[in-house]
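> mmCIF, N, CA and C atoms, saved as coords07.cif, coming up:
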data_start
loop_
_atom_site.label_atom_id
_atom_site.label_comp_id
_atom_site.auth_asym_id
_atom_site.auth_seq_id
_atom_site.Cartn_x
_atom_site.Cartn_y
_atom_site.Cartn_z
N VAL Q 1 -42.85 187.40 -39.52
CA VAL Q 1 -43.86 188.44 -39.69
C VAL Q 1 -44.74 188.51 -38.44
N GLN Q 2 -44.97 189.72 -37.98
CA GLN Q 2 -45.91 189.93 -36.87
C GLN Q 2 -47.03 190.84 -37.35
N LEU Q 3 -48.24 190.49 -36.96
CA LEU Q 3 -49.42 191.26 -37.34
C LEU Q 3 -50.19 191.61 -36.08
N GLN Q 4 -50.55 192.88 -35.96
CA GLN Q 4 -51.30 193.34 -34.80
C GLN Q 4 -52.54 194.07 -35.27
N ALA Q 5 -53.69 193.44 -35.06
CA ALA Q 5 -54.96 194.04 -35.45
C ALA Q 5 -55.53 194.86 -34.32
N SER Q 6 -56.24 195.91 -34.68
CA SER Q 6 -56.89 196.77 -33.69
C SER Q 6 -58.10 197.44 -34.32
N GLY Q 7 -58.91 198.08 -33.48
CA GLY Q 7 -60.02 198.85 -33.98
C GLY Q 7 -61.38 198.23 -33.79
N GLY Q 8 -61.43 197.01 -33.28
CA GLY Q 8 -62.72 196.39 -33.04
C GLY Q 8 -63.48 197.07 -31.92
N GLY Q 9 -64.74 196.73 -31.81
CA GLY Q 9 -65.56 197.31 -30.76
C GLY Q 9 -67.02 197.03 -30.98
N LEU Q 10 -67.84 197.75 -30.22
CA LEU Q 10 -69.29 197.61 -30.31
C LEU Q 10 -69.86 198.76 -31.12
N VAL Q 11 -70.69 198.44 -32.08
CA VAL Q 11 -71.30 199.47 -32.94
C VAL Q 11 -72.73 199.06 -33.24
N GLN Q 12 -73.58 200.04 -33.44
CA GLN Q 12 -74.97 199.74 -33.79
C GLN Q 12 -75.09 199.38 -35.26
N ALA Q 13 -76.09 198.62 -35.59
CA ALA Q 13 -76.36 198.28 -36.98
C ALA Q 13 -76.51 199.56 -37.80
N GLY Q 14 -75.91 199.56 -38.98
CA GLY Q 14 -75.91 200.74 -39.82
C GLY Q 14 -74.70 201.63 -39.62
N GLY Q 15 -73.96 201.37 -38.58
CA GLY Q 15 -72.80 202.18 -38.26
C GLY Q 15 -71.56 201.76 -39.01
N SER Q 16 -70.45 202.42 -38.66
CA SER Q 16 -69.18 202.18 -39.34
C SER Q 16 -68.08 201.93 -38.32
N LEU Q 17 -67.04 201.26 -38.80
CA LEU Q 17 -65.89 200.97 -37.96
C LEU Q 17 -64.70 200.77 -38.88
N ARG Q 18 -63.51 201.15 -38.44
CA ARG Q 18 -62.32 200.90 -39.23
C ARG Q 18 -61.34 200.05 -38.44
N LEU Q 19 -60.96 198.94 -39.02
CA LEU Q 19 -59.95 198.07 -38.43
C LEU Q 19 -58.59 198.40 -39.03
N SER Q 20 -57.56 198.23 -38.22
CA SER Q 20 -56.19 198.42 -38.68
C SER Q 20 -55.38 197.17 -38.36
N CYS Q 21 -54.37 196.92 -39.17
CA CYS Q 21 -53.47 195.80 -38.91
C CYS Q 21 -52.04 196.27 -39.20
N ALA Q 22 -51.24 196.32 -38.16
CA ALA Q 22 -49.85 196.74 -38.30
C ALA Q 22 -48.98 195.53 -38.61
N PHE Q 23 -48.14 195.66 -39.63
CA PHE Q 23 -47.28 194.59 -40.13
C PHE Q 23 -45.84 194.91 -39.77
N SER Q 24 -45.10 193.90 -39.32
CA SER Q 24 -43.68 194.10 -39.04
C SER Q 24 -42.92 192.81 -39.25
N GLY Q 25 -41.61 192.92 -39.42
CA GLY Q 25 -40.76 191.75 -39.49
C GLY Q 25 -40.25 191.42 -40.88
N ARG Q 26 -40.91 191.91 -41.90
CA ARG Q 26 -40.50 191.65 -43.28
C ARG Q 26 -40.82 192.91 -44.09
N THR Q 27 -40.54 192.84 -45.40
CA THR Q 27 -40.84 193.96 -46.27
C THR Q 27 -42.32 193.92 -46.65
N PHE Q 28 -43.04 194.89 -46.15
CA PHE Q 28 -44.51 194.92 -46.28
C PHE Q 28 -44.96 194.84 -47.73
N THR Q 29 -44.25 195.54 -48.61
CA THR Q 29 -44.71 195.65 -49.99
C THR Q 29 -44.58 194.33 -50.76
N TYR Q 30 -43.91 193.35 -50.18
CA TYR Q 30 -43.81 192.04 -50.84
C TYR Q 30 -45.04 191.17 -50.59
N TYR Q 31 -45.90 191.61 -49.67
CA TYR Q 31 -46.97 190.76 -49.18
C TYR Q 31 -48.35 191.23 -49.59
N GLY Q 32 -49.19 190.25 -49.97
CA GLY Q 32 -50.61 190.50 -50.03
C GLY Q 32 -51.17 190.41 -48.62
N MET Q 33 -52.22 191.18 -48.37
CA MET Q 33 -52.83 191.23 -47.06
C MET Q 33 -54.31 190.90 -47.16
N ALA Q 34 -54.84 190.32 -46.13
CA ALA Q 34 -56.25 189.94 -46.17
C ALA Q 34 -56.88 190.06 -44.79
N TRP Q 35 -58.19 190.17 -44.81
CA TRP Q 35 -59.00 190.09 -43.60
C TRP Q 35 -59.91 188.88 -43.71
N PHE Q 36 -59.98 188.15 -42.62
CA PHE Q 36 -60.91 187.04 -42.48
C PHE Q 36 -61.72 187.30 -41.21
N ARG Q 37 -62.78 186.55 -41.05
CA ARG Q 37 -63.56 186.70 -39.83
C ARG Q 37 -64.15 185.35 -39.42
N GLN Q 38 -64.42 185.24 -38.14
CA GLN Q 38 -65.04 184.03 -37.62
C GLN Q 38 -66.13 184.42 -36.63
N ALA Q 39 -67.35 184.11 -37.01
CA ALA Q 39 -68.50 184.38 -36.15
C ALA Q 39 -68.68 183.23 -35.16
N PRO Q 40 -69.36 183.48 -34.05
CA PRO Q 40 -69.57 182.43 -33.06
C PRO Q 40 -70.24 181.20 -33.68
N GLY Q 41 -69.64 180.06 -33.49
CA GLY Q 41 -70.21 178.82 -33.98
C GLY Q 41 -70.05 178.57 -35.46
N LYS Q 42 -69.28 179.43 -36.12
CA LYS Q 42 -69.11 179.28 -37.56
C LYS Q 42 -67.63 179.14 -37.91
N GLU Q 43 -67.38 178.70 -39.13
CA GLU Q 43 -66.00 178.60 -39.59
C GLU Q 43 -65.48 179.96 -40.01
N ARG Q 44 -64.17 180.06 -40.00
CA ARG Q 44 -63.56 181.31 -40.46
C ARG Q 44 -63.84 181.49 -41.95
N GLU Q 45 -64.10 182.73 -42.35
CA GLU Q 45 -64.41 183.01 -43.74
C GLU Q 45 -63.61 184.21 -44.25
N PHE Q 46 -63.38 184.21 -45.53
CA PHE Q 46 -62.67 185.30 -46.20
C PHE Q 46 -63.55 186.55 -46.23
N VAL Q 47 -62.92 187.71 -46.04
CA VAL Q 47 -63.63 188.98 -46.11
C VAL Q 47 -63.11 189.83 -47.27
N ALA Q 48 -61.81 190.10 -47.28
CA ALA Q 48 -61.23 190.98 -48.30
C ALA Q 48 -59.74 190.73 -48.43
N HIS Q 49 -59.21 191.04 -49.60
CA HIS Q 49 -57.79 190.86 -49.89
C HIS Q 49 -57.29 192.04 -50.69
N ILE Q 50 -56.04 192.41 -50.44
CA ILE Q 50 -55.39 193.44 -51.25
C ILE Q 50 -53.98 192.96 -51.57
N ASN Q 51 -53.62 193.02 -52.85
CA ASN Q 51 -52.31 192.52 -53.22
C ASN Q 51 -51.27 193.64 -53.15
N TRP Q 52 -50.04 193.31 -53.56
CA TRP Q 52 -48.93 194.25 -53.41
C TRP Q 52 -49.15 195.51 -54.23
N SER Q 53 -49.93 195.38 -55.34
CA SER Q 53 -50.17 196.55 -56.19
C SER Q 53 -51.53 197.19 -55.93
N ALA Q 54 -52.13 196.86 -54.79
CA ALA Q 54 -53.39 197.44 -54.34
C ALA Q 54 -54.61 196.95 -55.10
N GLY Q 55 -54.47 195.86 -55.83
CA GLY Q 55 -55.64 195.22 -56.39
C GLY Q 55 -56.45 194.56 -55.28
N THR Q 56 -57.76 194.64 -55.35
CA THR Q 56 -58.59 194.17 -54.23
C THR Q 56 -59.62 193.13 -54.67
N SER Q 57 -60.05 192.34 -53.71
CA SER Q 57 -61.16 191.42 -53.93
C SER Q 57 -61.93 191.30 -52.62
N TYR Q 58 -63.21 190.98 -52.74
CA TYR Q 58 -64.10 190.96 -51.57
C TYR Q 58 -65.03 189.75 -51.60
N ALA Q 59 -65.43 189.34 -50.42
CA ALA Q 59 -66.51 188.37 -50.32
C ALA Q 59 -67.79 189.07 -50.76
N ASP Q 60 -68.68 188.31 -51.37
CA ASP Q 60 -69.94 188.89 -51.84
C ASP Q 60 -70.73 189.54 -50.71
N SER Q 61 -70.62 188.97 -49.53
CA SER Q 61 -71.41 189.45 -48.39
C SER Q 61 -71.01 190.84 -47.93
N VAL Q 62 -69.81 191.29 -48.29
CA VAL Q 62 -69.35 192.61 -47.83
C VAL Q 62 -69.11 193.59 -48.99
N LYS Q 63 -69.24 193.11 -50.20
CA LYS Q 63 -68.97 193.95 -51.37
C LYS Q 63 -69.89 195.17 -51.35
N GLY Q 64 -69.29 196.34 -51.56
CA GLY Q 64 -70.05 197.57 -51.55
C GLY Q 64 -70.20 198.20 -50.17
N ARG Q 65 -69.84 197.45 -49.13
CA ARG Q 65 -69.94 197.99 -47.76
C ARG Q 65 -68.56 198.11 -47.10
N PHE Q 66 -67.67 197.20 -47.42
CA PHE Q 66 -66.33 197.19 -46.82
C PHE Q 66 -65.30 197.61 -47.87
N THR Q 67 -64.26 198.27 -47.40
CA THR Q 67 -63.16 198.67 -48.28
C THR Q 67 -61.84 198.32 -47.61
N ILE Q 68 -61.03 197.56 -48.31
CA ILE Q 68 -59.69 197.25 -47.81
C ILE Q 68 -58.70 198.18 -48.49
N SER Q 69 -57.72 198.65 -47.72
CA SER Q 69 -56.70 199.53 -48.28
C SER Q 69 -55.40 199.29 -47.53
N ARG Q 70 -54.32 199.79 -48.10
CA ARG Q 70 -53.03 199.64 -47.45
C ARG Q 70 -52.24 200.94 -47.54
N ASP Q 71 -51.46 201.20 -46.51
CA ASP Q 71 -50.56 202.34 -46.48
C ASP Q 71 -49.15 201.77 -46.36
N ASN Q 72 -48.44 201.74 -47.47
CA ASN Q 72 -47.12 201.11 -47.49
C ASN Q 72 -46.09 201.91 -46.67
N ALA Q 73 -46.33 203.19 -46.48
CA ALA Q 73 -45.41 203.99 -45.68
C ALA Q 73 -45.55 203.67 -44.19
N LYS Q 74 -46.74 203.20 -43.82
CA LYS Q 74 -47.00 202.89 -42.40
C LYS Q 74 -47.04 201.39 -42.13
N ASN Q 75 -46.81 200.58 -43.17
CA ASN Q 75 -46.85 199.12 -43.02
C ASN Q 75 -48.17 198.67 -42.38
N THR Q 76 -49.24 199.24 -42.87
CA THR Q 76 -50.54 198.99 -42.25
C THR Q 76 -51.60 198.72 -43.32
N VAL Q 77 -52.48 197.80 -43.01
CA VAL Q 77 -53.64 197.53 -43.85
C VAL Q 77 -54.88 197.88 -43.05
N TYR Q 78 -55.88 198.37 -43.75
CA TYR Q 78 -57.11 198.82 -43.10
C TYR Q 78 -58.31 198.08 -43.67
N LEU Q 79 -59.35 198.01 -42.88
CA LEU Q 79 -60.65 197.54 -43.35
C LEU Q 79 -61.69 198.54 -42.88
N GLN Q 80 -62.17 199.34 -43.81
CA GLN Q 80 -63.24 200.28 -43.50
C GLN Q 80 -64.56 199.57 -43.68
N MET Q 81 -65.33 199.52 -42.62
CA MET Q 81 -66.61 198.80 -42.65
C MET Q 81 -67.74 199.80 -42.47
N THR Q 82 -68.67 199.82 -43.39
CA THR Q 82 -69.83 200.71 -43.31
C THR Q 82 -71.11 199.89 -43.43
N SER Q 83 -72.22 200.53 -43.12
CA SER Q 83 -73.52 199.86 -43.19
C SER Q 83 -73.48 198.50 -42.51
N LEU Q 84 -72.92 198.48 -41.32
CA LEU Q 84 -72.72 197.22 -40.62
C LEU Q 84 -74.04 196.56 -40.27
N LYS Q 85 -74.02 195.24 -40.32
CA LYS Q 85 -75.19 194.43 -40.02
C LYS Q 85 -74.88 193.53 -38.83
N THR Q 86 -75.91 193.06 -38.17
CA THR Q 86 -75.67 192.18 -37.02
C THR Q 86 -74.90 190.93 -37.43
N GLU Q 87 -75.09 190.50 -38.66
CA GLU Q 87 -74.39 189.30 -39.12
C GLU Q 87 -72.91 189.55 -39.40
N ASP Q 88 -72.47 190.78 -39.30
CA ASP Q 88 -71.04 191.08 -39.41
C ASP Q 88 -70.31 190.85 -38.09
N THR Q 89 -71.06 190.57 -37.04
CA THR Q 89 -70.44 190.30 -35.74
C THR Q 89 -69.52 189.09 -35.82
N ALA Q 90 -68.27 189.30 -35.46
CA ALA Q 90 -67.26 188.23 -35.57
C ALA Q 90 -65.95 188.72 -34.99
N VAL Q 91 -65.03 187.79 -34.82
CA VAL Q 91 -63.64 188.14 -34.58
C VAL Q 91 -62.99 188.28 -35.95
N TYR Q 92 -62.37 189.42 -36.17
CA TYR Q 92 -61.72 189.71 -37.44
C TYR Q 92 -60.21 189.51 -37.32
N TYR Q 93 -59.66 188.79 -38.29
CA TYR Q 93 -58.24 188.49 -38.30
C TYR Q 93 -57.58 189.07 -39.54
N CYS Q 94 -56.40 189.63 -39.38
CA CYS Q 94 -55.65 189.99 -40.57
C CYS Q 94 -54.61 188.91 -40.86
N ALA Q 95 -54.26 188.80 -42.11
CA ALA Q 95 -53.33 187.76 -42.55
C ALA Q 95 -52.44 188.31 -43.64
N ALA Q 96 -51.28 187.69 -43.80
CA ALA Q 96 -50.31 188.12 -44.81
C ALA Q 96 -49.75 186.91 -45.54
N GLY Q 97 -49.48 187.08 -46.82
CA GLY Q 97 -48.88 186.00 -47.58
C GLY Q 97 -48.35 186.50 -48.90
N ARG Q 98 -47.43 185.74 -49.48
CA ARG Q 98 -46.83 186.16 -50.75
C ARG Q 98 -47.48 185.47 -51.94
N GLY Q 99 -48.47 184.63 -51.65
CA GLY Q 99 -49.24 184.03 -52.73
C GLY Q 99 -50.59 184.71 -52.79
N GLY Q 100 -51.60 184.00 -53.20
CA GLY Q 100 -52.93 184.56 -53.27
C GLY Q 100 -53.69 184.37 -51.98
N ILE Q 101 -54.98 184.49 -52.09
CA ILE Q 101 -55.85 184.44 -50.92
C ILE Q 101 -55.70 183.12 -50.17
N ASN Q 102 -55.42 182.05 -50.88
CA ASN Q 102 -55.31 180.73 -50.25
C ASN Q 102 -53.92 180.43 -49.73
N ASN Q 103 -53.05 181.44 -49.75
CA ASN Q 103 -51.68 181.25 -49.28
C ASN Q 103 -51.30 182.29 -48.25
N MET Q 104 -52.17 182.46 -47.29
CA MET Q 104 -51.88 183.38 -46.19
C MET Q 104 -51.05 182.62 -45.15
N ASN Q 105 -49.80 183.02 -45.01
CA ASN Q 105 -48.87 182.29 -44.16
C ASN Q 105 -48.82 182.79 -42.73
N TYR Q 106 -49.20 184.04 -42.54
CA TYR Q 106 -49.07 184.66 -41.23
C TYR Q 106 -50.41 185.23 -40.80
N TRP Q 107 -50.70 185.06 -39.52
CA TRP Q 107 -51.98 185.49 -38.96
C TRP Q 107 -51.75 186.29 -37.69
N GLY Q 108 -52.58 187.30 -37.53
CA GLY Q 108 -52.52 188.08 -36.30
C GLY Q 108 -53.58 187.61 -35.32
N GLU Q 109 -53.51 188.14 -34.12
CA GLU Q 109 -54.57 187.93 -33.16
C GLU Q 109 -55.80 188.67 -33.64
N GLY Q 110 -56.94 188.18 -33.36
CA GLY Q 110 -58.16 188.78 -33.84
C GLY Q 110 -58.58 190.00 -33.04
N THR Q 111 -59.49 190.74 -33.64
CA THR Q 111 -60.13 191.86 -32.94
C THR Q 111 -61.63 191.69 -33.09
N LEU Q 112 -62.34 191.83 -31.98
CA LEU Q 112 -63.76 191.52 -31.96
C LEU Q 112 -64.59 192.71 -32.42
N VAL Q 113 -65.48 192.43 -33.36
CA VAL Q 113 -66.46 193.42 -33.81
C VAL Q 113 -67.85 192.90 -33.44
N THR Q 114 -68.57 193.70 -32.70
CA THR Q 114 -69.92 193.33 -32.31
C THR Q 114 -70.89 194.39 -32.83
N VAL Q 115 -71.85 193.95 -33.61
CA VAL Q 115 -72.84 194.86 -34.18
C VAL Q 115 -74.17 194.57 -33.51
N SER Q 116 -74.70 195.57 -32.84
CA SER Q 116 -75.96 195.41 -32.11
C SER Q 116 -77.13 195.92 -32.94
N SER Q 117 -78.29 195.34 -32.69
CA SER Q 117 -79.48 195.73 -33.47
C SER Q 117 -80.18 196.92 -32.83
#
Rewrite the coordinates I just gave you, this time as structure tokens.

Amino acid sequence: VQLQASGGGLVQAGGSLRLSCAFSGRTFTYYGMAWFRQAPGKEREFVAHINWSAGTSYADSVKGRFTISRDNAKNTVYLQMTSLKTEDTAVYYCAAGRGGINNMNYWGEGTLVTVSS
């Protein structure tokens, strides 16, 4: 499995950004997909997950502001981020796995999101 994340950048607080993650190498619909992030000096943390049937779950810190979705025709998962805060600044990683959130077997290179005040 190969994962390619894109869409990061610099945005002002309160703004929006959409991340994309292109999946290849296996059958996309067999996999749950997730976004994690790692802020400077902090451990990587869970952000959002979407399973094969589009059921979703979110970290409390992003609930109501971020939306994860998937387009099975394009083998792509998205993370729509709104009402961004400076504390959302991090490298965002997409991941894939056939188990739950704790069984992400494949990871992509990260994409940097910087939220300025």
> Counting all atoms listed in the file, what is within 8 Å of Gly64 in chain Q, bar same-chain residues fewer than 5 positions away, as a PyMOL selection string?
chain Q and resi 58-59+82-83
> Return as a PyMOL selection string the set of residues that the PyMOL selection byres (((chain Q and resi 21-35 and name CA) around 6) and name CA) yields on the displayed structure.
chain Q and resi 1-5+20+36+47-52+75-77+93-98
> Go ahead and write the residues just picked, N, CA and C atoms, as a PDB file, in the coordinates of the input.

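Heads up, here's the output in out-v7.pdb:
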ATOM      1  N   VAL Q   1     -42.850 187.400 -39.520  1.00  0.00           N
ATOM      2  CA  VAL Q   1     -43.860 188.440 -39.690  1.00  0.00           C
ATOM      3  C   VAL Q   1     -44.740 188.510 -38.440  1.00  0.00           C
ATOM      4  N   GLN Q   2     -44.970 189.720 -37.980  1.00  0.00           N
ATOM      5  CA  GLN Q   2     -45.910 189.930 -36.870  1.00  0.00           C
ATOM      6  C   GLN Q   2     -47.030 190.840 -37.350  1.00  0.00           C
ATOM      7  N   LEU Q   3     -48.240 190.490 -36.960  1.00  0.00           N
ATOM      8  CA  LEU Q   3     -49.420 191.260 -37.340  1.00  0.00           C
ATOM      9  C   LEU Q   3     -50.190 191.610 -36.080  1.00  0.00           C
ATOM     10  N   GLN Q   4     -50.550 192.880 -35.960  1.00  0.00           N
ATOM     11  CA  GLN Q   4     -51.300 193.340 -34.800  1.00  0.00           C
ATOM     12  C   GLN Q   4     -52.540 194.070 -35.270  1.00  0.00           C
ATOM     13  N   ALA Q   5     -53.690 193.440 -35.060  1.00  0.00           N
ATOM     14  CA  ALA Q   5     -54.960 194.040 -35.450  1.00  0.00           C
ATOM     15  C   ALA Q   5     -55.530 194.860 -34.320  1.00  0.00           C
ATOM     16  N   SER Q  20     -57.560 198.230 -38.220  1.00  0.00           N
ATOM     17  CA  SER Q  20     -56.190 198.420 -38.680  1.00  0.00           C
ATOM     18  C   SER Q  20     -55.380 197.170 -38.360  1.00  0.00           C
ATOM     19  N   PHE Q  36     -59.980 188.150 -42.620  1.00  0.00           N
ATOM     20  CA  PHE Q  36     -60.910 187.040 -42.480  1.00  0.00           C
ATOM     21  C   PHE Q  36     -61.720 187.300 -41.210  1.00  0.00           C
ATOM     22  N   VAL Q  47     -62.920 187.710 -46.040  1.00  0.00           N
ATOM     23  CA  VAL Q  47     -63.630 188.980 -46.110  1.00  0.00           C
ATOM     24  C   VAL Q  47     -63.110 189.830 -47.270  1.00  0.00           C
ATOM     25  N   ALA Q  48     -61.810 190.100 -47.280  1.00  0.00           N
ATOM     26  CA  ALA Q  48     -61.230 190.980 -48.300  1.00  0.00           C
ATOM     27  C   ALA Q  48     -59.740 190.730 -48.430  1.00  0.00           C
ATOM     28  N   HIS Q  49     -59.210 191.040 -49.600  1.00  0.00           N
ATOM     29  CA  HIS Q  49     -57.790 190.860 -49.890  1.00  0.00           C
ATOM     30  C   HIS Q  49     -57.290 192.040 -50.690  1.00  0.00           C
ATOM     31  N   ILE Q  50     -56.040 192.410 -50.440  1.00  0.00           N
ATOM     32  CA  ILE Q  50     -55.390 193.440 -51.250  1.00  0.00           C
ATOM     33  C   ILE Q  50     -53.980 192.960 -51.570  1.00  0.00           C
ATOM     34  N   ASN Q  51     -53.620 193.020 -52.850  1.00  0.00           N
ATOM     35  CA  ASN Q  51     -52.310 192.520 -53.220  1.00  0.00           C
ATOM     36  C   ASN Q  51     -51.270 193.640 -53.150  1.00  0.00           C
ATOM     37  N   TRP Q  52     -50.040 193.310 -53.560  1.00  0.00           N
ATOM     38  CA  TRP Q  52     -48.930 194.250 -53.410  1.00  0.00           C
ATOM     39  C   TRP Q  52     -49.150 195.510 -54.230  1.00  0.00           C
ATOM     40  N   ASN Q  75     -46.810 200.580 -43.170  1.00  0.00           N
ATOM     41  CA  ASN Q  75     -46.850 199.120 -43.020  1.00  0.00           C
ATOM     42  C   ASN Q  75     -48.170 198.670 -42.380  1.00  0.00           C
ATOM     43  N   THR Q  76     -49.240 199.240 -42.870  1.00  0.00           N
ATOM     44  CA  THR Q  76     -50.540 198.990 -42.250  1.00  0.00           C
ATOM     45  C   THR Q  76     -51.600 198.720 -43.320  1.00  0.00           C
ATOM     46  N   VAL Q  77     -52.480 197.800 -43.010  1.00  0.00           N
ATOM     47  CA  VAL Q  77     -53.640 197.530 -43.850  1.00  0.00           C
ATOM     48  C   VAL Q  77     -54.880 197.880 -43.050  1.00  0.00           C
ATOM     49  N   TYR Q  93     -59.660 188.790 -38.290  1.00  0.00           N
ATOM     50  CA  TYR Q  93     -58.240 188.490 -38.300  1.00  0.00           C
ATOM     51  C   TYR Q  93     -57.580 189.070 -39.540  1.00  0.00           C
ATOM     52  N   CYS Q  94     -56.400 189.630 -39.380  1.00  0.00           N
ATOM     53  CA  CYS Q  94     -55.650 189.990 -40.570  1.00  0.00           C
ATOM     54  C   CYS Q  94     -54.610 188.910 -40.860  1.00  0.00           C
ATOM     55  N   ALA Q  95     -54.260 188.800 -42.110  1.00  0.00           N
ATOM     56  CA  ALA Q  95     -53.330 187.760 -42.550  1.00  0.00           C
ATOM     57  C   ALA Q  95     -52.440 188.310 -43.640  1.00  0.00           C
ATOM     58  N   ALA Q  96     -51.280 187.690 -43.800  1.00  0.00           N
ATOM     59  CA  ALA Q  96     -50.310 188.120 -44.810  1.00  0.00           C
ATOM     60  C   ALA Q  96     -49.750 186.910 -45.540  1.00  0.00           C
ATOM     61  N   GLY Q  97     -49.480 187.080 -46.820  1.00  0.00           N
ATOM     62  CA  GLY Q  97     -48.880 186.000 -47.580  1.00  0.00           C
ATOM     63  C   GLY Q  97     -48.350 186.500 -48.900  1.00  0.00           C
ATOM     64  N   ARG Q  98     -47.430 185.740 -49.480  1.00  0.00           N
ATOM     65  CA  ARG Q  98     -46.830 186.160 -50.750  1.00  0.00           C
ATOM     66  C   ARG Q  98     -47.480 185.470 -51.940  1.00  0.00           C
TER      67      ARG Q  98
END
> Please, what distance in Å, to one decimal, runs between CA of Ser117 in chain Q and atom N of Ala90 in chain Q?
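According to the coordinates, CA of Ser117 in chain Q and atom N of Ala90 in chain Q are separated by 13.1 Å.
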> Could you give me, as a PyMOL selection string, the residues within 8 Å of Arg65 in chain Q, counting all atoms listed in the file and dropping anything in the same chain fewer than 3 positions from it?
chain Q and resi 61-62+68+80-84
> For the residues in that selection, give me N, CA and C atoms as a PDB file, in the coordinates of the input.

ATOM      1  N   SER Q  61     -70.620 188.970 -49.530  1.00  0.00           N
ATOM      2  CA  SER Q  61     -71.410 189.450 -48.390  1.00  0.00           C
ATOM      3  C   SER Q  61     -71.010 190.840 -47.930  1.00  0.00           C
ATOM      4  N   VAL Q  62     -69.810 191.290 -48.290  1.00  0.00           N
ATOM      5  CA  VAL Q  62     -69.350 192.610 -47.830  1.00  0.00           C
ATOM      6  C   VAL Q  62     -69.110 193.590 -48.990  1.00  0.00           C
ATOM      7  N   ILE Q  68     -61.030 197.560 -48.310  1.00  0.00           N
ATOM      8  CA  ILE Q  68     -59.690 197.250 -47.810  1.00  0.00           C
ATOM      9  C   ILE Q  68     -58.700 198.180 -48.490  1.00  0.00           C
ATOM     10  N   GLN Q  80     -62.170 199.340 -43.810  1.00  0.00           N
ATOM     11  CA  GLN Q  80     -63.240 200.280 -43.500  1.00  0.00           C
ATOM     12  C   GLN Q  80     -64.560 199.570 -43.680  1.00  0.00           C
ATOM     13  N   MET Q  81     -65.330 199.520 -42.620  1.00  0.00           N
ATOM     14  CA  MET Q  81     -66.610 198.800 -42.650  1.00  0.00           C
ATOM     15  C   MET Q  81     -67.740 199.800 -42.470  1.00  0.00           C
ATOM     16  N   THR Q  82     -68.670 199.820 -43.390  1.00  0.00           N
ATOM     17  CA  THR Q  82     -69.830 200.710 -43.310  1.00  0.00           C
ATOM     18  C   THR Q  82     -71.110 199.890 -43.430  1.00  0.00           C
ATOM     19  N   SER Q  83     -72.220 200.530 -43.120  1.00  0.00           N
ATOM     20  CA  SER Q  83     -73.520 199.860 -43.190  1.00  0.00           C
ATOM     21  C   SER Q  83     -73.480 198.500 -42.510  1.00  0.00           C
ATOM     22  N   LEU Q  84     -72.920 198.480 -41.320  1.00  0.00           N
ATOM     23  CA  LEU Q  84     -72.720 197.220 -40.620  1.00  0.00           C
ATOM     24  C   LEU Q  84     -74.040 196.560 -40.270  1.00  0.00           C
TER      25      LEU Q  84
END
> Given the PyMOL selection byres ((chain Q and resi 89) around 8) and the file above, list the residues it selects as a ChimeraX atom specification.
/Q:37-40,84-88,90-92,112-116
> Using N, CA and C atoms, can you write the selected residues to a file as an mmCIF file, in the frame of the given file?

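As written to disk, out-v7.cif reads:
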data_model
loop_
_atom_site.group_PDB
_atom_site.id
_atom_site.type_symbol
_atom_site.label_atom_id
_atom_site.label_comp_id
_atom_site.auth_asym_id
_atom_site.auth_seq_id
_atom_site.Cartn_x
_atom_site.Cartn_y
_atom_site.Cartn_z
ATOM 1 N N ARG Q 37 -62.780 186.550 -41.050
ATOM 2 C CA ARG Q 37 -63.560 186.700 -39.830
ATOM 3 C C ARG Q 37 -64.150 185.350 -39.420
ATOM 4 N N GLN Q 38 -64.420 185.240 -38.140
ATOM 5 C CA GLN Q 38 -65.040 184.030 -37.620
ATOM 6 C C GLN Q 38 -66.130 184.420 -36.630
ATOM 7 N N ALA Q 39 -67.350 184.110 -37.010
ATOM 8 C CA ALA Q 39 -68.500 184.380 -36.150
ATOM 9 C C ALA Q 39 -68.680 183.230 -35.160
ATOM 10 N N PRO Q 40 -69.360 183.480 -34.050
ATOM 11 C CA PRO Q 40 -69.570 182.430 -33.060
ATOM 12 C C PRO Q 40 -70.240 181.200 -33.680
ATOM 13 N N LEU Q 84 -72.920 198.480 -41.320
ATOM 14 C CA LEU Q 84 -72.720 197.220 -40.620
ATOM 15 C C LEU Q 84 -74.040 196.560 -40.270
ATOM 16 N N LYS Q 85 -74.020 195.240 -40.320
ATOM 17 C CA LYS Q 85 -75.190 194.430 -40.020
ATOM 18 C C LYS Q 85 -74.880 193.530 -38.830
ATOM 19 N N THR Q 86 -75.910 193.060 -38.170
ATOM 20 C CA THR Q 86 -75.670 192.180 -37.020
ATOM 21 C C THR Q 86 -74.900 190.930 -37.430
ATOM 22 N N GLU Q 87 -75.090 190.500 -38.660
ATOM 23 C CA GLU Q 87 -74.390 189.300 -39.120
ATOM 24 C C GLU Q 87 -72.910 189.550 -39.400
ATOM 25 N N ASP Q 88 -72.470 190.780 -39.300
ATOM 26 C CA ASP Q 88 -71.040 191.080 -39.410
ATOM 27 C C ASP Q 88 -70.310 190.850 -38.090
ATOM 28 N N ALA Q 90 -68.270 189.300 -35.460
ATOM 29 C CA ALA Q 90 -67.260 188.230 -35.570
ATOM 30 C C ALA Q 90 -65.950 188.720 -34.990
ATOM 31 N N VAL Q 91 -65.030 187.790 -34.820
ATOM 32 C CA VAL Q 91 -63.640 188.140 -34.580
ATOM 33 C C VAL Q 91 -62.990 188.280 -35.950
ATOM 34 N N TYR Q 92 -62.370 189.420 -36.170
ATOM 35 C CA TYR Q 92 -61.720 189.710 -37.440
ATOM 36 C C TYR Q 92 -60.210 189.510 -37.320
ATOM 37 N N LEU Q 112 -62.340 191.830 -31.980
ATOM 38 C CA LEU Q 112 -63.760 191.520 -31.960
ATOM 39 C C LEU Q 112 -64.590 192.710 -32.420
ATOM 40 N N VAL Q 113 -65.480 192.430 -33.360
ATOM 41 C CA VAL Q 113 -66.460 193.420 -33.810
ATOM 42 C C VAL Q 113 -67.850 192.900 -33.440
ATOM 43 N N THR Q 114 -68.570 193.700 -32.700
ATOM 44 C CA THR Q 114 -69.920 193.330 -32.310
ATOM 45 C C THR Q 114 -70.890 194.390 -32.830
ATOM 46 N N VAL Q 115 -71.850 193.950 -33.610
ATOM 47 C CA VAL Q 115 -72.840 194.860 -34.180
ATOM 48 C C VAL Q 115 -74.170 194.570 -33.510
ATOM 49 N N SER Q 116 -74.700 195.570 -32.840
ATOM 50 C CA SER Q 116 -75.960 195.410 -32.110
ATOM 51 C C SER Q 116 -77.130 195.920 -32.940
#
